[in-house]
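Source file: final-v1.txt; contents: compact mmCIF, C-alpha atoms.
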# COMPACT_ATOMS: atom_id res chain seq x y z
CA MET A 381 -57.58 -86.76 20.38
CA ASN A 382 -55.15 -88.89 18.46
CA LEU A 383 -54.18 -87.98 14.91
CA GLU A 384 -55.88 -90.99 13.33
CA HIS A 385 -59.26 -90.12 14.84
CA LEU A 386 -58.83 -86.42 14.10
CA ASN A 387 -58.10 -87.11 10.43
CA ALA A 388 -61.06 -89.49 10.26
CA LEU A 389 -63.32 -86.78 11.69
CA LYS A 390 -62.01 -84.18 9.25
CA GLN A 391 -62.71 -86.58 6.39
CA LEU A 392 -66.16 -87.37 7.76
CA LEU A 393 -67.13 -83.70 7.96
CA SER A 394 -65.57 -82.75 4.61
CA THR A 395 -68.91 -83.23 2.85
CA PRO A 396 -72.44 -82.31 4.04
CA ARG A 397 -73.83 -84.88 6.47
CA LYS A 398 -77.06 -85.65 8.29
CA ILE A 399 -75.99 -85.39 11.91
CA ALA A 400 -77.72 -86.28 15.17
CA ILE A 401 -76.19 -84.89 18.36
CA ILE A 402 -77.08 -86.71 21.58
CA PRO A 403 -76.63 -85.64 25.25
CA HIS A 404 -77.20 -87.98 28.19
CA LYS A 405 -80.49 -88.45 29.99
CA ASN A 406 -81.33 -85.70 32.49
CA PRO A 407 -78.95 -83.33 30.71
CA ASP A 408 -77.03 -80.77 32.75
CA GLY A 409 -75.30 -77.55 31.75
CA ASP A 410 -72.31 -79.33 30.25
CA ALA A 411 -74.43 -81.74 28.22
CA ILE A 412 -76.71 -79.01 26.85
CA GLY A 413 -73.89 -76.48 26.39
CA SER A 414 -71.67 -78.91 24.48
CA THR A 415 -74.42 -80.24 22.22
CA LEU A 416 -75.67 -76.74 21.39
CA ALA A 417 -72.16 -75.43 20.70
CA LEU A 418 -71.44 -78.37 18.39
CA TRP A 419 -74.85 -77.97 16.73
CA HIS A 420 -74.15 -74.31 15.93
CA TYR A 421 -70.73 -75.27 14.59
CA VAL A 422 -71.86 -78.04 12.21
CA ILE A 423 -74.88 -76.05 11.04
CA ASN A 424 -72.59 -73.15 10.18
CA LYS A 425 -70.37 -75.60 8.28
CA GLY A 426 -73.29 -76.61 6.06
CA HIS A 427 -74.39 -79.86 7.67
CA ASN A 428 -77.99 -80.89 8.40
CA ALA A 429 -77.99 -81.39 12.16
CA SER A 430 -80.43 -81.94 15.02
CA ILE A 431 -80.04 -82.39 18.76
CA VAL A 432 -82.09 -85.23 20.25
CA SER A 433 -82.23 -85.29 24.04
CA PRO A 434 -83.51 -88.39 25.88
CA ASN A 435 -85.70 -86.15 28.03
CA ASP A 436 -86.25 -82.54 28.98
CA ALA A 437 -83.58 -80.17 30.28
CA PRO A 438 -84.04 -77.98 33.37
CA LYS A 439 -85.80 -74.66 32.91
CA PHE A 440 -82.68 -72.68 33.91
CA LEU A 441 -80.90 -73.91 30.74
CA LYS A 442 -83.62 -73.07 28.25
CA TRP A 443 -82.37 -69.53 27.61
CA MET A 444 -79.33 -70.91 25.78
CA PRO A 445 -79.03 -70.06 22.08
CA GLY A 446 -80.73 -72.82 20.09
CA ALA A 447 -82.27 -74.59 23.09
CA ASP A 448 -85.73 -74.23 21.56
CA LYS A 449 -84.59 -76.43 18.65
CA ILE A 450 -83.69 -79.44 20.84
CA LEU A 451 -85.94 -82.44 20.20
CA ASN A 452 -87.23 -84.13 23.35
CA PHE A 453 -87.35 -87.89 22.72
CA GLU A 454 -90.14 -88.32 25.26
CA LYS A 455 -92.39 -85.60 23.88
CA GLN A 456 -91.41 -85.49 20.18
CA ASN A 457 -90.85 -89.18 19.75
CA SER A 458 -91.64 -89.70 16.06
CA GLN A 459 -89.63 -86.68 14.95
CA ALA A 460 -86.71 -87.66 17.18
CA LYS A 461 -86.73 -91.23 15.85
CA SER A 462 -86.76 -89.93 12.29
CA CYS A 463 -83.71 -87.73 12.94
CA ILE A 464 -81.75 -90.59 14.48
CA GLY A 465 -82.84 -93.01 11.77
CA ALA A 466 -81.80 -90.64 8.99
CA ALA A 467 -78.44 -89.69 10.52
CA ASP A 468 -75.23 -90.88 8.91
CA VAL A 469 -73.19 -89.35 11.76
CA ILE A 470 -74.14 -89.47 15.44
CA PHE A 471 -72.21 -87.41 17.99
CA THR A 472 -72.61 -88.49 21.61
CA LEU A 473 -71.53 -85.81 24.08
CA ASP A 474 -70.86 -85.87 27.83
CA PHE A 475 -71.35 -89.62 28.25
CA ASN A 476 -69.42 -92.69 27.21
CA HIS A 477 -71.86 -95.58 27.49
CA LEU A 478 -75.13 -95.96 25.59
CA GLY A 479 -76.87 -96.93 28.81
CA ARG A 480 -76.80 -93.23 29.74
CA VAL A 481 -79.52 -92.36 27.21
CA GLY A 482 -82.32 -94.42 28.76
CA GLN A 483 -84.96 -95.65 26.34
CA MET A 484 -83.03 -94.26 23.36
CA SER A 485 -80.24 -96.81 23.79
CA GLU A 486 -81.81 -99.54 21.65
CA LEU A 487 -82.40 -97.10 18.80
CA LEU A 488 -78.78 -95.96 18.88
CA GLU A 489 -77.49 -99.53 19.10
CA GLU A 490 -79.41 -100.38 15.92
CA SER A 491 -78.08 -97.37 14.00
CA SER A 492 -75.61 -97.85 11.16
CA ALA A 493 -74.36 -94.26 11.49
CA THR A 494 -70.75 -93.42 12.27
CA PHE A 495 -70.53 -92.64 15.97
CA VAL A 496 -68.31 -89.87 17.33
CA MET A 497 -67.81 -89.71 21.12
CA VAL A 498 -66.70 -86.52 22.89
CA ASP A 499 -66.51 -87.07 26.64
CA HIS A 500 -64.43 -86.59 29.78
CA HIS A 501 -65.69 -89.41 32.02
CA GLN A 502 -63.66 -92.44 33.02
CA GLU A 503 -63.73 -95.92 31.43
CA PRO A 504 -65.36 -95.26 28.04
CA SER A 505 -67.05 -98.12 26.21
CA ASP A 506 -66.12 -98.84 22.60
CA TYR A 507 -69.27 -98.08 20.61
CA ALA A 508 -67.78 -95.04 18.80
CA LYS A 509 -65.61 -95.28 15.70
CA ILE A 510 -64.12 -91.86 16.42
CA MET A 511 -63.31 -90.99 20.03
CA TYR A 512 -62.16 -87.88 21.80
CA SER A 513 -61.92 -89.00 25.42
CA ASP A 514 -59.93 -87.05 27.99
CA VAL A 515 -60.56 -87.48 31.72
CA THR A 516 -58.24 -84.56 32.55
CA MET A 517 -60.61 -82.04 30.96
CA SER A 518 -62.84 -79.90 33.15
CA SER A 519 -65.88 -80.50 30.99
CA THR A 520 -67.13 -81.73 27.66
CA CYS A 521 -67.66 -78.09 26.74
CA GLU A 522 -63.95 -77.41 27.13
CA MET A 523 -63.35 -80.41 24.88
CA VAL A 524 -65.71 -79.04 22.23
CA TYR A 525 -63.72 -75.79 22.26
CA HIS A 526 -60.50 -77.75 21.71
CA LEU A 527 -62.14 -79.98 19.10
CA ILE A 528 -63.16 -76.96 17.06
CA GLY A 529 -59.58 -75.75 17.41
CA LEU A 530 -58.20 -79.10 16.25
CA LEU A 531 -60.42 -78.81 13.19
CA GLY A 532 -58.80 -75.44 12.48
CA ASP A 533 -61.93 -73.41 13.13
CA VAL A 534 -61.47 -71.70 16.50
CA ASP A 535 -61.96 -68.36 14.77
CA GLN A 536 -65.43 -69.53 13.75
CA ILE A 537 -66.65 -69.66 17.35
CA THR A 538 -69.56 -67.23 17.45
CA LYS A 539 -71.00 -65.38 20.41
CA GLU A 540 -73.79 -67.97 20.61
CA MET A 541 -71.30 -70.83 20.68
CA ALA A 542 -69.13 -69.02 23.23
CA ASN A 543 -72.10 -68.59 25.59
CA CYS A 544 -72.97 -72.28 25.30
CA ILE A 545 -69.40 -73.45 25.90
CA TYR A 546 -68.89 -71.04 28.81
CA THR A 547 -72.08 -72.33 30.45
CA GLY A 548 -70.93 -75.94 30.42
CA ILE A 549 -67.46 -75.13 31.71
CA MET A 550 -68.84 -72.93 34.49
CA THR A 551 -71.42 -75.45 35.69
CA ASP A 552 -69.17 -78.52 35.50
CA THR A 553 -66.36 -76.80 37.39
CA GLY A 554 -68.61 -75.46 40.16
CA SER A 555 -67.96 -71.93 38.96
CA PHE A 556 -64.26 -72.76 38.42
CA LYS A 557 -63.57 -74.11 41.92
CA PHE A 558 -63.22 -77.87 41.27
CA ALA A 559 -59.82 -79.48 40.94
CA ALA A 560 -60.29 -80.20 37.21
CA THR A 561 -60.18 -76.44 36.57
CA THR A 562 -56.73 -75.85 35.09
CA SER A 563 -54.86 -72.78 33.94
CA ASN A 564 -55.76 -73.88 30.43
CA THR A 565 -59.44 -73.90 31.40
CA HIS A 566 -59.11 -70.24 32.38
CA ARG A 567 -57.36 -69.46 29.10
CA VAL A 568 -60.24 -71.07 27.21
CA VAL A 569 -62.75 -69.07 29.24
CA ALA A 570 -60.83 -65.84 28.60
CA ASP A 571 -60.94 -66.50 24.87
CA LEU A 572 -64.66 -67.27 25.06
CA MET A 573 -65.25 -63.93 26.77
CA ASP A 574 -63.25 -62.21 24.05
CA ARG A 575 -65.60 -63.89 21.58
CA GLY A 576 -68.69 -62.57 23.33
CA ALA A 577 -69.46 -64.94 26.21
CA GLU A 578 -71.34 -63.00 28.88
CA GLY A 579 -69.99 -64.50 32.09
CA THR A 580 -71.91 -62.42 34.60
CA GLU A 581 -75.21 -62.80 32.74
CA ILE A 582 -74.72 -66.57 32.35
CA HIS A 583 -74.03 -66.94 36.08
CA HIS A 584 -77.18 -64.97 36.86
CA ARG A 585 -79.34 -67.07 34.53
CA ILE A 586 -78.04 -70.33 36.00
CA TYR A 587 -77.83 -69.54 39.71
CA ASP A 588 -80.02 -66.51 40.43
CA THR A 589 -83.40 -67.54 39.01
CA ASN A 590 -84.60 -69.77 41.85
CA SER A 591 -88.24 -70.30 42.68
CA PRO A 592 -89.35 -70.03 46.32
CA SER A 593 -90.24 -73.74 46.26
CA ARG A 594 -86.68 -74.68 45.25
CA LEU A 595 -85.23 -72.75 48.19
CA HIS A 596 -87.75 -74.39 50.52
CA LEU A 597 -86.68 -77.78 49.10
CA LEU A 598 -83.05 -76.85 49.78
CA GLY A 599 -84.00 -76.02 53.37
CA CYS A 600 -85.62 -79.44 53.68
CA ALA A 601 -82.52 -81.12 52.22
CA LEU A 602 -80.18 -79.33 54.63
CA LYS A 603 -82.44 -80.19 57.56
CA ASN A 604 -82.18 -83.85 56.51
CA MET A 605 -78.38 -83.80 56.39
CA VAL A 606 -76.63 -86.44 58.50
CA ILE A 607 -72.98 -85.94 59.46
CA LEU A 608 -70.79 -88.96 60.18
CA GLU A 609 -67.72 -87.30 61.65
CA GLU A 610 -65.65 -90.45 62.12
CA TYR A 611 -65.90 -91.10 58.38
CA HIS A 612 -65.62 -87.43 57.32
CA THR A 613 -68.90 -87.99 55.49
CA ALA A 614 -72.20 -86.15 55.17
CA TYR A 615 -75.30 -87.36 53.38
CA ILE A 616 -78.68 -85.92 52.47
CA THR A 617 -81.94 -87.74 51.73
CA LEU A 618 -84.98 -86.47 49.87
CA SER A 619 -88.09 -88.64 49.69
CA GLN A 620 -90.67 -88.48 46.92
CA GLU A 621 -93.12 -87.09 49.47
CA GLU A 622 -90.74 -84.22 50.24
CA LEU A 623 -90.13 -83.52 46.56
CA ASP A 624 -93.87 -83.38 45.94
CA LYS A 625 -94.44 -81.16 48.97
CA TYR A 626 -92.09 -78.54 47.57
CA ASN A 627 -93.30 -78.82 43.96
CA TYR A 628 -90.08 -80.34 42.63
CA GLN A 629 -89.18 -79.38 39.06
CA LYS A 630 -86.43 -80.92 36.95
CA GLY A 631 -83.08 -79.48 37.99
CA ASP A 632 -84.23 -78.24 41.40
CA THR A 633 -81.79 -80.48 43.30
CA GLU A 634 -78.81 -79.51 41.14
CA GLY A 635 -75.87 -78.70 43.41
CA PHE A 636 -77.52 -79.78 46.67
CA VAL A 637 -74.96 -82.55 47.19
CA ASN A 638 -72.11 -80.01 47.25
CA TYR A 639 -73.32 -78.42 50.49
CA GLY A 640 -71.91 -81.35 52.46
CA LEU A 641 -68.42 -80.52 51.25
CA THR A 642 -68.70 -76.97 52.61
CA LEU A 643 -68.49 -78.42 56.13
CA ASP A 644 -65.09 -78.33 57.78
CA GLY A 645 -63.59 -81.81 57.88
CA ILE A 646 -66.01 -83.40 55.42
CA ASN A 647 -64.37 -85.19 52.48
CA PHE A 648 -67.28 -87.26 51.16
CA ALA A 649 -70.81 -85.96 50.41
CA ILE A 650 -73.79 -87.84 49.08
CA ILE A 651 -77.43 -87.17 48.24
CA PHE A 652 -80.07 -89.87 47.91
CA ILE A 653 -83.16 -88.78 45.97
CA GLU A 654 -86.22 -90.98 45.69
CA ASN A 655 -87.84 -91.32 42.25
CA LYS A 656 -90.96 -93.43 42.55
CA GLU A 657 -91.83 -93.08 38.86
CA GLU A 658 -88.62 -94.89 37.90
CA GLY A 659 -88.63 -97.07 41.01
CA ILE A 660 -85.11 -96.08 42.05
CA LEU A 661 -83.07 -93.87 44.31
CA LYS A 662 -80.85 -91.52 42.32
CA ILE A 663 -77.54 -90.97 44.09
CA SER A 664 -74.89 -88.28 43.61
CA PHE A 665 -71.44 -88.63 45.14
CA ARG A 666 -68.87 -85.87 45.66
CA SER A 667 -65.44 -85.91 47.30
CA VAL A 668 -62.35 -83.83 47.85
CA GLY A 669 -58.81 -85.12 47.69
CA ASP A 670 -57.86 -88.55 46.41
CA PHE A 671 -60.95 -90.51 47.43
CA SER A 672 -62.45 -91.81 44.16
CA VAL A 673 -66.23 -91.65 44.17
CA ASN A 674 -66.06 -93.01 40.61
CA ASP A 675 -64.63 -96.27 41.97
CA PHE A 676 -67.06 -96.26 44.90
CA ALA A 677 -70.10 -95.71 42.66
CA ARG A 678 -69.01 -98.33 40.12
CA LYS A 679 -68.32 -100.96 42.78
CA HIS A 680 -71.39 -100.47 44.96
CA PHE A 681 -74.11 -98.48 43.18
CA ASN A 682 -74.06 -99.34 39.46
CA GLY A 683 -72.69 -95.92 38.56
CA GLY A 684 -69.55 -93.98 37.80
CA GLY A 685 -68.22 -90.65 36.66
CA HIS A 686 -65.11 -88.78 37.77
CA THR A 687 -62.70 -89.17 40.68
CA ASN A 688 -64.45 -86.44 42.69
CA ALA A 689 -67.94 -86.46 41.17
CA ALA A 690 -70.04 -89.48 40.24
CA GLY A 691 -73.56 -90.83 40.18
CA GLY A 692 -75.27 -94.09 40.96
CA LYS A 693 -78.61 -95.66 41.76
CA SER A 694 -80.33 -98.10 44.10
CA GLU A 695 -83.55 -100.07 43.69
CA ASP A 696 -83.94 -100.47 47.45
CA SER A 697 -85.81 -98.17 49.81
CA ILE A 698 -84.15 -95.09 51.27
CA GLU A 699 -83.83 -96.84 54.62
CA ASP A 700 -82.27 -100.00 53.21
CA THR A 701 -79.97 -98.04 50.88
CA ILE A 702 -78.70 -95.88 53.76
CA LYS A 703 -78.16 -98.98 55.87
CA TYR A 704 -76.13 -100.57 53.08
CA PHE A 705 -74.22 -97.34 52.38
CA THR A 706 -73.22 -96.81 56.00
CA SER A 707 -72.16 -100.46 56.27
CA LEU A 708 -69.59 -99.79 53.53
CA LEU A 709 -67.91 -96.85 55.23
CA PRO A 710 -65.67 -98.70 57.72
CA GLN A 711 -63.69 -100.28 54.88
CA TYR A 712 -63.00 -96.79 53.48
CA GLN A 713 -62.28 -95.05 56.80
CA ASN A 714 -58.56 -94.70 56.21
CA GLN A 715 -59.03 -93.30 52.69
CA LEU A 716 -61.52 -90.74 53.97
CA GLN A 717 -59.15 -89.37 56.63
CA SER A 718 -57.08 -87.27 54.22
What is this structure when it is put down as structure tokens?
Amino acid sequence: MNLEHLNALKQLLSTPRKIAIIPHKNPDGDAIGSTLALWHYVINKGHNASIVSPNDAPKFLKWMPGADKILNFEKQNSQAKSCIGAADVIFTLDFNHLGRVGQMSELLEESSATFVMVDHHQEPSDYAKIMYSDVTMSSTCEMVYHLIGLLGDVDQITKEMANCIYTGIMTDTGSFKFAATTSNTHRVVADLMDRGAEGTEIHHRIYDTNSPSRLHLLGCALKNMVILEEYHTAYITLSQEELDKYNYQKGDTEGFVNYGLTLDGINFAIIFIENKEEGILKISFRSVGDFSVNDFARKHFNGGGHTNAAGGKSEDSIEDTIKYFTSLLPQYQNQLQS
């Protein structure tokens, strides 16, 4: 964060404010962890703050301290609109384009509040007056930890905040195995544990509370996996019918895409998930090495993200989307060799 923006943020928070804190649609552990940690921080500093999420979070994140206070824009619409309308400061966390908040985007675009962006994705848009954007960071949660430090308040990180920040770092780094996990990430995590973060318990709550139907859905996904050895690529499809058969709940497919990368010789993994309610296929891309799925998703599937983890979408059928996807692979064959 450059000095100009840091000083502007310090000035902004020097007097009590009405603050709205916004994660992206379909929030994950990093989005919920970062917004909750920041919420605890600004509340403790005397500000009037609320978190407004575009839609619901997965059940496995609802144990987090303060999660019961998050306003769901879909279910608590009037209250959520009031909070956004009354805010003089709006923090947007873990996304860098207002299109990531779904039906809330128009409301945010009309707001006269001062926007503060905290995010680690590539190619941020310019809607925020104050920006903390760093693509080298493991997670937005790690950025929130550093932001609190830059504001001179690292000693004010409570056990509740530490648990929230730890959760986002752990989930966004694949339990600390992804390349964005640096030595500094581990130093942050060590400090969070010293401040009360319960690493083993957090891991259990996130990864060891599966329902039988989720594991059956995983079995279906793995059975559907297609391996394209010449392109070092593996992809999974899940139809709406299959999701319904196994009683899909929000968050159930989290992490499924990563199974492709556990195969020897696979450098590119994808999952295509049908969502008939929205009329789209949701796509997650993962890679190892230098192959940029961010560039791939932006160029071909109206998406983006990080070099090794990105998302996209298609309005075509599963069959037509797969046909298009596989037609793209020959032009990337050399990049996928490494």
Excluding same-chain residues fewer than 2 positions from range 523-540 of chain A, what lies within 7 Å of it counting all atoms listed in the file, as an mmCIF file with C-alpha atoms, in the coordinates of the input?
data_model
loop_
_atom_site.group_PDB
_atom_site.id
_atom_site.type_symbol
_atom_site.label_atom_id
_atom_site.label_comp_id
_atom_site.auth_asym_id
_atom_site.auth_seq_id
_atom_site.Cartn_x
_atom_site.Cartn_y
_atom_site.Cartn_z
ATOM 1 C CA LYS A 390 -62.010 -84.180 9.250
ATOM 2 C CA SER A 414 -71.670 -78.910 24.480
ATOM 3 C CA LEU A 418 -71.440 -78.370 18.390
ATOM 4 C CA PRO A 445 -79.030 -70.060 22.080
ATOM 5 C CA MET A 517 -60.610 -82.040 30.960
ATOM 6 C CA SER A 519 -65.880 -80.500 30.990
ATOM 7 C CA THR A 520 -67.130 -81.730 27.660
ATOM 8 C CA CYS A 521 -67.660 -78.090 26.740
ATOM 9 C CA ALA A 542 -69.130 -69.020 23.230
ATOM 10 C CA ASN A 543 -72.100 -68.590 25.590
ATOM 11 C CA CYS A 544 -72.970 -72.280 25.300
ATOM 12 C CA ARG A 575 -65.600 -63.890 21.580
ATOM 13 C CA GLY A 576 -68.690 -62.570 23.330
ATOM 14 C CA ALA A 577 -69.460 -64.940 26.210
#
So the first atom is CA of Pro710 in chain A and the second is CA of Glu609 in chain A; what is the distance between them in Å, to one decimal place?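 Separation between CA of Pro710 in chain A and CA of Glu609 in chain A: 12.2 Å.
Using only C-alpha atoms, the nearest neighbour of Met381 in chain A within the list A:Leu487, A:Ile423, A:Val673, A:Val496 is A:Val496.
Compared by their closest atoms to Ile510 in chain A, and using only C-alpha atoms, the residues A:Glu622, A:Ile651, A:Asn604, A:Phe471 rank with A:Phe471 nearest.
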Using all atoms listed in the file, which of A:Phe705, A:Trp419, A:Phe475, A:Phe636 sits nearest Ile616 in chain A? A:Phe636
Rank A:Ile399, A:Leu643, A:Ala411, A:Ile450 by their smallest atom-to-atom distance to Ala429 in chain A, using all atoms listed in the file, and report the top residue only.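 Of A:Ile399, A:Leu643, A:Ala411, A:Ile450, the one nearest Ala429 in chain A is A:Ile399, counting all atoms listed in the file.
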With only C-alpha atoms as the atoms that count, which of A:Ile582, A:Ile653, A:Ile401, A:Ala437 lies nearest to Ile470 in chain A? A:Ile401
What is the distance, in Å and to one decimal place, between CA of Arg666 in chain A and CA of Asp696 in chain A? 21.1 Å
So which one's closest to Met484 in chain A, A:Lys405, A:Lys455, A:Arg678, A:Arg567? Using all atoms listed in the file, please. A:Lys405
Which residues of range 583-688 of chain A have any atom within 9 Å of an atom in range 548-566 of chain A when counting only C-alpha atoms, and what is the closest pair of atoms for each, with the distance in Å to one decimal? Order the rows by chain and rising number and write it as a Markdown table.
| residue | atom | partner | partner_atom | distance |
| --- | --- | --- | --- | --- |
| A:His583 | CA | A:Met550 | CA | 8.1 |
| A:Ile586 | CA | A:Thr551 | CA | 8.4 |
| A:Gly635 | CA | A:Gly554 | CA | 8.6 |
| A:Val668 | CA | A:Ala559 | CA | 8.5 |
| A:Gly669 | CA | A:Ala559 | CA | 8.9 |
| A:Asn688 | CA | A:Ala559 | CA | 8.5 |
Residue contacts of Glu610 in chain A (12 Å, all atoms listed in the file) excluding same-chain residues fewer than 5 positions away, as a PyMOL selection string: chain A and resi 645-648+706+709-710+712-717
Nearby residues, (-61.8, -91.4, 21.9) file frame, 8 Å, all atoms listed in the file, as a ChimeraX atom specification: /A:381-382,385,497-499,508,510-514
Only C-alpha atoms, please: the residues just picked out, written as a PDB file, in the frame of the given file.
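Just written: again.pdb:
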ATOM      1  CA  MET A 381     -57.580 -86.760  20.380  1.00  0.00           C
ATOM      2  CA  ASN A 382     -55.150 -88.890  18.460  1.00  0.00           C
ATOM      3  CA  HIS A 385     -59.260 -90.120  14.840  1.00  0.00           C
ATOM      4  CA  MET A 497     -67.810 -89.710  21.120  1.00  0.00           C
ATOM      5  CA  VAL A 498     -66.700 -86.520  22.890  1.00  0.00           C
ATOM      6  CA  ASP A 499     -66.510 -87.070  26.640  1.00  0.00           C
ATOM      7  CA  ALA A 508     -67.780 -95.040  18.800  1.00  0.00           C
ATOM      8  CA  ILE A 510     -64.120 -91.860  16.420  1.00  0.00           C
ATOM      9  CA  MET A 511     -63.310 -90.990  20.030  1.00  0.00           C
ATOM     10  CA  TYR A 512     -62.160 -87.880  21.800  1.00  0.00           C
ATOM     11  CA  SER A 513     -61.920 -89.000  25.420  1.00  0.00           C
ATOM     12  CA  ASP A 514     -59.930 -87.050  27.990  1.00  0.00           C
TER      13      ASP A 514
END
At a cut-off of 12 Å, using only C-alpha atoms, what residues contact Ser591 in chain A? Leave out same-chain residues fewer than 5 positions from it and give the result as a short mmCIF file (atom, residue, chain, number, x, y, z; two decimals) with C-alpha atoms, in the coordinates of the input.
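Printed below is part_30.cif as written:
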data_model
loop_
_atom_site.label_atom_id
_atom_site.label_comp_id
_atom_site.auth_asym_id
_atom_site.auth_seq_id
_atom_site.Cartn_x
_atom_site.Cartn_y
_atom_site.Cartn_z
CA LYS A 439 -85.80 -74.66 32.91
CA PHE A 440 -82.68 -72.68 33.91
CA HIS A 596 -87.75 -74.39 50.52
CA LEU A 597 -86.68 -77.78 49.10
CA LEU A 598 -83.05 -76.85 49.78
CA TYR A 626 -92.09 -78.54 47.57
CA ASN A 627 -93.30 -78.82 43.96
CA TYR A 628 -90.08 -80.34 42.63
CA GLN A 629 -89.18 -79.38 39.06
CA GLY A 631 -83.08 -79.48 37.99
CA ASP A 632 -84.23 -78.24 41.40
#
Distance in Å - CA of Asp588 in chain A versus CA of Met541 in chain A: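 Going from CA of Asp588 in chain A over to CA of Met541 in chain A, I get 22.0 Å.
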Let me have the centre and edge lengths of the axis-aligned box enclosing all listed atoms of range 432-437 of chain A with 6 Å padding on every side, in Å to one decimal, as lines of an AutoDock Vina configuration file.
center_x = -84.2
center_y = -84.3
center_z = 25.3
size_x = 16.2
size_y = 20.2
size_z = 22.0
Selection near Gly692 in chain A, 12 Å with all atoms listed in the file, sequence-local residues under 6 positions removed, as an NGL selection string: :A and (480 or 650-653 or 660-666 or 673-686 or 701 or 705)
Based on the selection just made, write C-alpha atoms of those residues as a PDB file, keeping the file's coordinate frame.
ATOM      1  CA  ARG A 480     -76.800 -93.230  29.740  1.00  0.00           C
ATOM      2  CA  ILE A 650     -73.790 -87.840  49.080  1.00  0.00           C
ATOM      3  CA  ILE A 651     -77.430 -87.170  48.240  1.00  0.00           C
ATOM      4  CA  PHE A 652     -80.070 -89.870  47.910  1.00  0.00           C
ATOM      5  CA  ILE A 653     -83.160 -88.780  45.970  1.00  0.00           C
ATOM      6  CA  ILE A 660     -85.110 -96.080  42.050  1.00  0.00           C
ATOM      7  CA  LEU A 661     -83.070 -93.870  44.310  1.00  0.00           C
ATOM      8  CA  LYS A 662     -80.850 -91.520  42.320  1.00  0.00           C
ATOM      9  CA  ILE A 663     -77.540 -90.970  44.090  1.00  0.00           C
ATOM     10  CA  SER A 664     -74.890 -88.280  43.610  1.00  0.00           C
ATOM     11  CA  PHE A 665     -71.440 -88.630  45.140  1.00  0.00           C
ATOM     12  CA  ARG A 666     -68.870 -85.870  45.660  1.00  0.00           C
ATOM     13  CA  VAL A 673     -66.230 -91.650  44.170  1.00  0.00           C
ATOM     14  CA  ASN A 674     -66.060 -93.010  40.610  1.00  0.00           C
ATOM     15  CA  ASP A 675     -64.630 -96.270  41.970  1.00  0.00           C
ATOM     16  CA  PHE A 676     -67.060 -96.260  44.900  1.00  0.00           C
ATOM     17  CA  ALA A 677     -70.100 -95.710  42.660  1.00  0.00           C
ATOM     18  CA  ARG A 678     -69.010 -98.330  40.120  1.00  0.00           C
ATOM     19  CA  LYS A 679     -68.320-100.960  42.780  1.00  0.00           C
ATOM     20  CA  HIS A 680     -71.390-100.470  44.960  1.00  0.00           C
ATOM     21  CA  PHE A 681     -74.110 -98.480  43.180  1.00  0.00           C
ATOM     22  CA  ASN A 682     -74.060 -99.340  39.460  1.00  0.00           C
ATOM     23  CA  GLY A 683     -72.690 -95.920  38.560  1.00  0.00           C
ATOM     24  CA  GLY A 684     -69.550 -93.980  37.800  1.00  0.00           C
ATOM     25  CA  GLY A 685     -68.220 -90.650  36.660  1.00  0.00           C
ATOM     26  CA  HIS A 686     -65.110 -88.780  37.770  1.00  0.00           C
ATOM     27  CA  THR A 701     -79.970 -98.040  50.880  1.00  0.00           C
ATOM     28  CA  PHE A 705     -74.220 -97.340  52.380  1.00  0.00           C
TER      29      PHE A 705
END
Quick one: residues within 8 Å of range 605-607 of chain A, all atoms listed in the file, excluding same-chain residues fewer than 3 positions away - as a list in words? Ala601, Leu602, His612, Thr613, Ala614, Tyr615, Ile616, Thr617 and Gly640 of chain A
